[in-house]
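A.B. asks: Handing over upload-v9.pdb, PDB, C-alpha atoms.
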MODEL        1
ATOM      1  CA  MET A   1       0.481  38.040  35.841  1.00  0.00           C
ATOM      2  CA  TYR A   2       2.363  35.432  33.813  1.00  0.00           C
ATOM      3  CA  CYS A   3       5.963  34.292  34.210  1.00  0.00           C
ATOM      4  CA  PRO A   4       8.074  35.527  31.275  1.00  0.00           C
ATOM      5  CA  LYS A   5      10.159  32.348  31.434  1.00  0.00           C
ATOM      6  CA  CYS A   6       7.657  29.464  31.708  1.00  0.00           C
ATOM      7  CA  GLY A   7       4.260  31.133  31.220  1.00  0.00           C
ATOM      8  CA  THR A   8       2.790  29.990  34.541  1.00  0.00           C
ATOM      9  CA  GLU A   9       0.061  32.284  35.873  1.00  0.00           C
ATOM     10  CA  ASN A  10       1.066  33.858  39.202  1.00  0.00           C
ATOM     11  CA  SER A  11      -0.757  36.181  41.558  1.00  0.00           C
ATOM     12  CA  ASP A  12      -0.255  39.908  41.018  1.00  0.00           C
ATOM     13  CA  GLY A  13       2.742  41.216  42.956  1.00  0.00           C
ATOM     14  CA  ALA A  14       4.502  37.842  43.203  1.00  0.00           C
ATOM     15  CA  LYS A  15       8.279  38.210  43.404  1.00  0.00           C
ATOM     16  CA  PHE A  16       9.054  34.649  42.186  1.00  0.00           C
ATOM     17  CA  CYS A  17       7.240  32.305  39.780  1.00  0.00           C
ATOM     18  CA  LYS A  18       5.458  29.459  41.524  1.00  0.00           C
ATOM     19  CA  GLY A  19       6.125  27.218  38.494  1.00  0.00           C
ATOM     20  CA  CYS A  20       9.846  27.654  37.825  1.00  0.00           C
ATOM     21  CA  GLY A  21      11.107  30.027  40.561  1.00  0.00           C
ATOM     22  CA  ALA A  22      12.217  32.735  38.117  1.00  0.00           C
ATOM     23  CA  VAL A  23      12.241  36.350  39.327  1.00  0.00           C
ATOM     24  CA  MET A  24       8.979  38.053  38.357  1.00  0.00           C
ATOM     25  CA  GLU A  25       9.260  41.524  36.885  1.00  0.00           C
ATOM     26  CA  GLU A  26       6.736  44.268  37.291  1.00  0.00           C
ATOM     27  CA  VAL A  27       4.925  44.883  34.032  1.00  0.00           C
ATOM     28  CA  SER A  28       4.554  48.528  33.092  1.00  0.00           C
ATOM     29  CA  PRO A  29       1.414  49.587  31.176  1.00  0.00           C
ATOM     30  CA  SER A  30       3.528  50.255  28.046  1.00  0.00           C
ATOM     31  CA  SER A  31       4.744  46.673  27.948  1.00  0.00           C
ATOM     32  CA  SER A  32       1.459  44.977  28.880  1.00  0.00           C
ATOM     33  CA  HIS A  33       0.906  43.877  25.273  1.00  0.00           C
ATOM     34  CA  GLU A  34       4.291  42.079  25.306  1.00  0.00           C
ATOM     35  CA  ALA A  35       3.498  40.450  28.635  1.00  0.00           C
ATOM     36  CA  ALA A  36       0.128  39.222  27.366  1.00  0.00           C
ATOM     37  CA  SER A  37       1.784  37.545  24.400  1.00  0.00           C
ATOM     38  CA  ILE A  38       4.378  35.665  26.454  1.00  0.00           C
ATOM     39  CA  PRO A  39       2.028  32.928  27.673  1.00  0.00           C
ATOM     40  CA  GLN A  40       0.916  32.232  24.087  1.00  0.00           C
ATOM     41  CA  GLN A  41       4.542  31.935  22.941  1.00  0.00           C
ATOM     42  CA  VAL A  42       5.309  29.597  25.821  1.00  0.00           C
ATOM     43  CA  ARG A  43       2.184  27.543  25.101  1.00  0.00           C
ATOM     44  CA  THR A  44       3.278  27.221  21.446  1.00  0.00           C
ATOM     45  CA  LYS A  45       6.683  25.932  22.566  1.00  0.00           C
ATOM     46  CA  LYS A  46       4.999  23.498  24.958  1.00  0.00           C
ATOM     47  CA  SER A  47       2.687  22.294  22.151  1.00  0.00           C
ATOM     48  CA  LYS A  48       5.675  21.692  19.860  1.00  0.00           C
ATOM     49  CA  LYS A  49       7.435  19.755  22.601  1.00  0.00           C
ATOM     50  CA  LYS A  50       4.285  17.711  23.209  1.00  0.00           C
ATOM     51  CA  GLY A  51       3.973  16.985  19.463  1.00  0.00           C
ATOM     52  CA  CYS A  52       7.589  15.835  19.317  1.00  0.00           C
ATOM     53  CA  LEU A  53       7.058  13.576  22.316  1.00  0.00           C
ATOM     54  CA  ILE A  54       4.025  12.003  20.629  1.00  0.00           C
ATOM     55  CA  VAL A  55       6.017  11.328  17.437  1.00  0.00           C
ATOM     56  CA  VAL A  56       8.888   9.814  19.446  1.00  0.00           C
ATOM     57  CA  GLY A  57       6.391   7.710  21.419  1.00  0.00           C
ATOM     58  CA  ILE A  58       4.771   6.368  18.241  1.00  0.00           C
ATOM     59  CA  ALA A  59       8.173   5.554  16.719  1.00  0.00           C
ATOM     60  CA  PHE A  60       9.146   3.721  19.902  1.00  0.00           C
ATOM     61  CA  LEU A  61       5.871   1.764  19.867  1.00  0.00           C
ATOM     62  CA  ILE A  62       6.462   0.705  16.252  1.00  0.00           C
ATOM     63  CA  PHE A  63       9.988  -0.375  17.170  1.00  0.00           C
ATOM     64  CA  VAL A  64       8.663  -2.455  20.095  1.00  0.00           C
ATOM     65  CA  ILE A  65       6.057  -4.124  17.846  1.00  0.00           C
ATOM     66  CA  LEU A  66       8.744  -5.002  15.278  1.00  0.00           C
ATOM     67  CA  MET A  67      10.921  -6.479  18.011  1.00  0.00           C
ATOM     68  CA  ILE A  68       8.026  -8.612  19.273  1.00  0.00           C
ATOM     69  CA  VAL A  69       7.368  -9.846  15.717  1.00  0.00           C
ATOM     70  CA  ALA A  70      11.053 -10.697  15.375  1.00  0.00           C
ATOM     71  CA  LEU A  71      11.089 -12.610  18.659  1.00  0.00           C
ATOM     72  CA  LEU A  72       7.951 -14.557  17.733  1.00  0.00           C
ATOM     73  CA  ASN A  73       9.511 -15.337  14.348  1.00  0.00           C
ATOM     74  CA  GLY A  74      12.606 -17.029  15.766  1.00  0.00           C
ATOM     75  CA  GLY A  75      14.689 -13.870  15.927  1.00  0.00           C
ATOM     76  CA  GLU A  76      13.994 -12.817  12.347  1.00  0.00           C
ATOM     77  CA  ALA A  77      11.786 -10.035  11.070  1.00  0.00           C
ATOM     78  CA  ASP A  78      11.478 -10.688   7.349  1.00  0.00           C
ATOM     79  CA  PHE A  79       9.374  -8.303   5.344  1.00  0.00           C
ATOM     80  CA  THR A  80       9.270  -8.197   1.582  1.00  0.00           C
ATOM     81  CA  THR A  81       7.962  -5.743  -0.937  1.00  0.00           C
ATOM     82  CA  ALA A  82       7.423  -8.505  -3.495  1.00  0.00           C
ATOM     83  CA  ASN A  83       3.850  -9.241  -4.481  1.00  0.00           C
ATOM     84  CA  ILE A  84       2.028 -11.494  -6.906  1.00  0.00           C
ATOM     85  CA  GLN A  85      -0.158 -10.216  -9.724  1.00  0.00           C
ATOM     86  CA  ASN A  86      -2.254 -11.886 -12.412  1.00  0.00           C
ATOM     87  CA  ALA A  87      -1.963 -15.387 -10.961  1.00  0.00           C
ATOM     88  CA  VAL A  88      -3.913 -17.894 -13.051  1.00  0.00           C
ATOM     89  CA  ILE A  89      -4.270 -21.616 -13.491  1.00  0.00           C
ATOM     90  CA  ALA A  90      -3.711 -22.710 -17.059  1.00  0.00           C
ATOM     91  CA  LYS A  91      -3.950 -25.705 -19.349  1.00  0.00           C
ATOM     92  CA  GLU A  92      -1.187 -24.342 -21.555  1.00  0.00           C
ATOM     93  CA  ILE A  93       1.490 -21.630 -21.264  1.00  0.00           C
ATOM     94  CA  ASP A  94       3.822 -19.881 -23.674  1.00  0.00           C
ATOM     95  CA  PRO A  95       7.284 -21.383 -23.027  1.00  0.00           C
ATOM     96  CA  GLN A  96       9.057 -18.092 -23.863  1.00  0.00           C
ATOM     97  CA  THR A  97       6.939 -15.602 -21.864  1.00  0.00           C
ATOM     98  CA  LYS A  98       5.561 -18.078 -19.284  1.00  0.00           C
ATOM     99  CA  GLU A  99       2.152 -16.409 -19.705  1.00  0.00           C
ATOM    100  CA  ALA A 100      -1.054 -18.432 -19.889  1.00  0.00           C
ATOM    101  CA  LEU A 101      -2.230 -19.344 -23.366  1.00  0.00           C
ATOM    102  CA  ILE A 102      -5.330 -21.205 -22.146  1.00  0.00           C
ATOM    103  CA  GLU A 103      -6.620 -20.267 -18.685  1.00  0.00           C
ATOM    104  CA  GLN A 104      -8.668 -23.014 -17.102  1.00  0.00           C
ATOM    105  CA  ASP A 105      -9.814 -23.990 -13.620  1.00  0.00           C
ATOM    106  CA  VAL A 106     -11.800 -27.170 -14.399  1.00  0.00           C
ATOM    107  CA  PHE A 107      -9.903 -30.141 -15.867  1.00  0.00           C
ATOM    108  CA  PRO A 108     -10.823 -33.672 -16.978  1.00  0.00           C
ATOM    109  CA  GLN A 109      -9.286 -36.591 -15.046  1.00  0.00           C
ATOM    110  CA  ASP A 110      -6.988 -37.544 -17.919  1.00  0.00           C
ATOM    111  CA  THR A 111      -5.173 -34.186 -17.705  1.00  0.00           C
ATOM    112  CA  GLN A 112      -1.468 -34.818 -17.233  1.00  0.00           C
ATOM    113  CA  VAL A 113      -0.138 -31.286 -16.495  1.00  0.00           C
ATOM    114  CA  VAL A 114      -1.643 -28.258 -14.739  1.00  0.00           C
ATOM    115  CA  TYR A 115       0.197 -24.909 -14.766  1.00  0.00           C
ATOM    116  CA  VAL A 116       0.136 -21.867 -12.523  1.00  0.00           C
ATOM    117  CA  THR A 117       1.630 -18.650 -13.836  1.00  0.00           C
ATOM    118  CA  CYS A 118       1.929 -15.223 -12.241  1.00  0.00           C
ATOM    119  CA  TYR A 119       3.862 -11.979 -12.373  1.00  0.00           C
ATOM    120  CA  VAL A 120       5.947 -11.150  -9.295  1.00  0.00           C
ATOM    121  CA  ARG A 121       6.541  -7.410  -8.772  1.00  0.00           C
ATOM    122  CA  ASN A 122       8.689  -5.235  -6.502  1.00  0.00           C
ATOM    123  CA  VAL A 123      11.141  -8.081  -6.053  1.00  0.00           C
ATOM    124  CA  PRO A 124      14.214  -7.523  -3.869  1.00  0.00           C
ATOM    125  CA  ALA A 125      17.277  -9.611  -4.714  1.00  0.00           C
ATOM    126  CA  ASP A 126      17.224 -13.309  -3.794  1.00  0.00           C
ATOM    127  CA  THR A 127      13.450 -13.537  -3.312  1.00  0.00           C
ATOM    128  CA  LYS A 128      12.205 -17.113  -3.078  1.00  0.00           C
ATOM    129  CA  VAL A 129       8.947 -17.923  -4.892  1.00  0.00           C
ATOM    130  CA  ALA A 130       7.353 -21.367  -4.685  1.00  0.00           C
ATOM    131  CA  ALA A 131       4.100 -23.246  -5.234  1.00  0.00           C
ATOM    132  CA  LEU A 132       2.515 -25.710  -2.823  1.00  0.00           C
ATOM    133  CA  TRP A 133      -0.085 -27.978  -4.462  1.00  0.00           C
ATOM    134  CA  THR A 134      -2.740 -29.582  -2.212  1.00  0.00           C
ATOM    135  CA  TYR A 135      -5.317 -32.255  -3.039  1.00  0.00           C
ATOM    136  CA  LEU A 136      -8.073 -30.997  -0.728  1.00  0.00           C
ATOM    137  CA  PRO A 137     -10.048 -34.248  -0.142  1.00  0.00           C
ATOM    138  CA  SER A 138      -7.016 -35.940   1.457  1.00  0.00           C
ATOM    139  CA  GLY A 139      -4.877 -32.928   2.418  1.00  0.00           C
ATOM    140  CA  GLU A 140      -1.940 -34.467   0.550  1.00  0.00           C
ATOM    141  CA  THR A 141       0.559 -31.806  -0.574  1.00  0.00           C
ATOM    142  CA  LEU A 142       3.277 -31.570  -3.175  1.00  0.00           C
ATOM    143  CA  ALA A 143       5.880 -28.801  -3.152  1.00  0.00           C
ATOM    144  CA  GLY A 144       7.599 -27.908  -6.389  1.00  0.00           C
ATOM    145  CA  ASP A 145      11.107 -26.547  -6.703  1.00  0.00           C
ATOM    146  CA  PRO A 146      11.344 -22.885  -5.669  1.00  0.00           C
ATOM    147  CA  VAL A 147      12.473 -20.129  -8.007  1.00  0.00           C
ATOM    148  CA  TYR A 148      14.900 -17.451  -6.780  1.00  0.00           C
ATOM    149  CA  LEU A 149      14.343 -14.045  -8.354  1.00  0.00           C
ATOM    150  CA  GLU A 150      16.644 -11.043  -8.633  1.00  0.00           C
ATOM    151  CA  GLY A 151      13.962  -8.708 -10.027  1.00  0.00           C
ATOM    152  CA  ASP A 152      10.401  -8.544 -11.325  1.00  0.00           C
ATOM    153  CA  ALA A 153       9.511 -11.578 -13.438  1.00  0.00           C
ATOM    154  CA  GLN A 154       6.803 -13.794 -14.874  1.00  0.00           C
ATOM    155  CA  VAL A 155       7.091 -17.221 -13.221  1.00  0.00           C
ATOM    156  CA  GLN A 156       5.364 -20.539 -13.799  1.00  0.00           C
ATOM    157  CA  PHE A 157       4.950 -23.738 -11.838  1.00  0.00           C
ATOM    158  CA  ASN A 158       3.394 -27.000 -12.868  1.00  0.00           C
ATOM    159  CA  VAL A 159       2.439 -30.361 -11.480  1.00  0.00           C
ATOM    160  CA  GLU A 160       2.579 -33.452 -13.654  1.00  0.00           C
ATOM    161  CA  MET A 161       0.499 -36.615 -13.209  1.00  0.00           C
ATOM    162  CA  PRO A 162       1.321 -39.022 -16.063  1.00  0.00           C
ATOM    163  CA  ASN A 163      -1.701 -41.225 -15.228  1.00  0.00           C
ATOM    164  CA  GLY A 164      -4.068 -38.280 -14.743  1.00  0.00           C
ATOM    165  CA  PHE A 165      -5.414 -36.483 -11.683  1.00  0.00           C
ATOM    166  CA  PHE A 166      -7.762 -37.830  -9.026  1.00  0.00           C
ATOM    167  CA  PRO A 167     -11.179 -36.176  -9.176  1.00  0.00           C
ATOM    168  CA  GLY A 168     -11.810 -33.423  -6.631  1.00  0.00           C
ATOM    169  CA  GLU A 169     -10.716 -29.948  -5.598  1.00  0.00           C
ATOM    170  CA  TYR A 170      -7.103 -28.821  -5.600  1.00  0.00           C
ATOM    171  CA  GLN A 171      -5.482 -25.765  -4.093  1.00  0.00           C
ATOM    172  CA  VAL A 172      -2.280 -24.010  -5.088  1.00  0.00           C
ATOM    173  CA  ASP A 173      -0.599 -21.712  -2.562  1.00  0.00           C
ATOM    174  CA  LEU A 174       1.894 -19.297  -4.084  1.00  0.00           C
ATOM    175  CA  LEU A 175       4.566 -18.436  -1.533  1.00  0.00           C
ATOM    176  CA  ILE A 176       7.018 -15.559  -1.355  1.00  0.00           C
ATOM    177  CA  ASP A 177       9.887 -16.210   1.057  1.00  0.00           C
ATOM    178  CA  ASP A 178       7.878 -19.096   2.590  1.00  0.00           C
ATOM    179  CA  GLU A 179       4.809 -16.935   3.287  1.00  0.00           C
ATOM    180  CA  ILE A 180       1.525 -17.507   1.413  1.00  0.00           C
ATOM    181  CA  ALA A 181       1.008 -14.592  -0.968  1.00  0.00           C
ATOM    182  CA  GLU A 182      -1.930 -15.935  -2.993  1.00  0.00           C
ATOM    183  CA  THR A 183      -4.140 -19.028  -3.147  1.00  0.00           C
ATOM    184  CA  LEU A 184      -5.808 -20.457  -6.237  1.00  0.00           C
ATOM    185  CA  GLN A 185      -8.124 -23.441  -6.675  1.00  0.00           C
ATOM    186  CA  PHE A 186      -9.051 -25.771  -9.506  1.00  0.00           C
ATOM    187  CA  LEU A 187     -11.320 -28.756  -9.966  1.00  0.00           C
ATOM    188  CA  VAL A 188     -10.773 -32.103 -11.628  1.00  0.00           C
ATOM    189  CA  GLU A 189     -13.954 -33.851 -12.813  1.00  0.00           C
TER     190      GLU A 189
ENDMDL
END
Reformat the file's structure so that it appears as structure tokens.
C.D. replies:
Amino acid sequence: MYCPKCGTENSDGAKFCKGCGAVMEEVSPSSSHEAASIPQQVRTKKSKKKGCLIVVGIAFLIFVILMIVALLNGGEADFTTANIQNAVIAKEIDPQTKEALIEQDVFPQDTQVVYVTCYVRNVPADTKVAALWTYLPSGETLAGDPVYLEGDAQVQFNVEMPNGFFPGEYQVDLLIDDEIAETLQFLVE
């Protein structure tokens, strides 16, 4: 027979439940169907409790992971929804829209300006976007001035070399809040 309170199976004729100590009642034949359904009801309640505990455990684990990330990041846990789309290197851009007019990733040495343009979406207020230009053969870098956005926008960066560029490969890292969001490369021949 099963305990009507906790659902633990007990031996027939037991006066008290071995699981919870509740008084066991004799089950008459007319109520045997009710008694048989009690363990299933109790099991359903136990399953719901177990499911809730799993959800709480997962939420706690996520919280702990976020705290570890924050500690490893100097006490800050910065996450952004901003993302970069349609990033291209260009020879020329439209000054009004900041969109590429001539996309290009191979330039002659006498090129004086190279542009990078992209659309930044899902931008929370005060999002910092910047470009870091690297001449790969030497590892020499040049950081341009960052742009602070208050919403979605087309942005452009450029690097100017009045005497032309050194031949070789270049890399442009586009950063959102000081984290690399996209990397582009171009070649000067």
A.B. asks: Using only C-alpha atoms, which residues sit within 9 Å of range 10-15 of chain A once same-chain residues fewer than 4 positions away are excluded, as a ChimeraX atom specification?
C.D. replies: /A:1-3,19,22-26
A.B. asks: Go ahead and save the picked residues with C-alpha atoms, as a compact mmCIF listing (two decimals), keeping the file's coordinate frame.
C.D. replies:
# COMPACT_ATOMS: atom_id res chain seq x y z
CA MET A 1 0.48 38.04 35.84
CA TYR A 2 2.36 35.43 33.81
CA CYS A 3 5.96 34.29 34.21
CA GLY A 19 6.12 27.22 38.49
CA ALA A 22 12.22 32.74 38.12
CA VAL A 23 12.24 36.35 39.33
CA MET A 24 8.98 38.05 38.36
CA GLU A 25 9.26 41.52 36.88
CA GLU A 26 6.74 44.27 37.29
A.B. asks: If the PyMOL selection byres ((chain A and resi 132) around 9) is run on the structure shown, which residues does it catch, given as number ranges by chain?
C.D. replies: A: 130-131, 133-134, 141-144, 171-175
A.B. asks: Just checking: using all atoms listed in the file, which residue out of A:Leu184, A:Ile176, A:Val129, A:Met161 ends up closest to Tyr148 in chain A?
C.D. replies: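 Of all the options, A:Val129 lies closest to Tyr148 in chain A.
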A.B. asks: For range 152-154 of chain A, find every residue with an atom within 7 Å (counting all atoms listed in the file), except residues of its own chain fewer than 4 positions away, and show them as a VMD selection string.
C.D. replies: chain A and resid 98 118 to 123
A.B. asks: Distance CA of Ile84 in chain A-CA of Val114 in chain A, one decimal place?
C.D. replies: 18.9 Å
A.B. asks: Apply the PyMOL selection byres ((chain A and resi 160) around 12) to the file shown and report the selected residues as JSON, numbers by chain.
C.D. replies: {"A": [91, 110, 111, 112, 113, 114, 115, 116, 133, 142, 143, 144, 157, 158, 159, 161, 162, 163, 164, 165]}
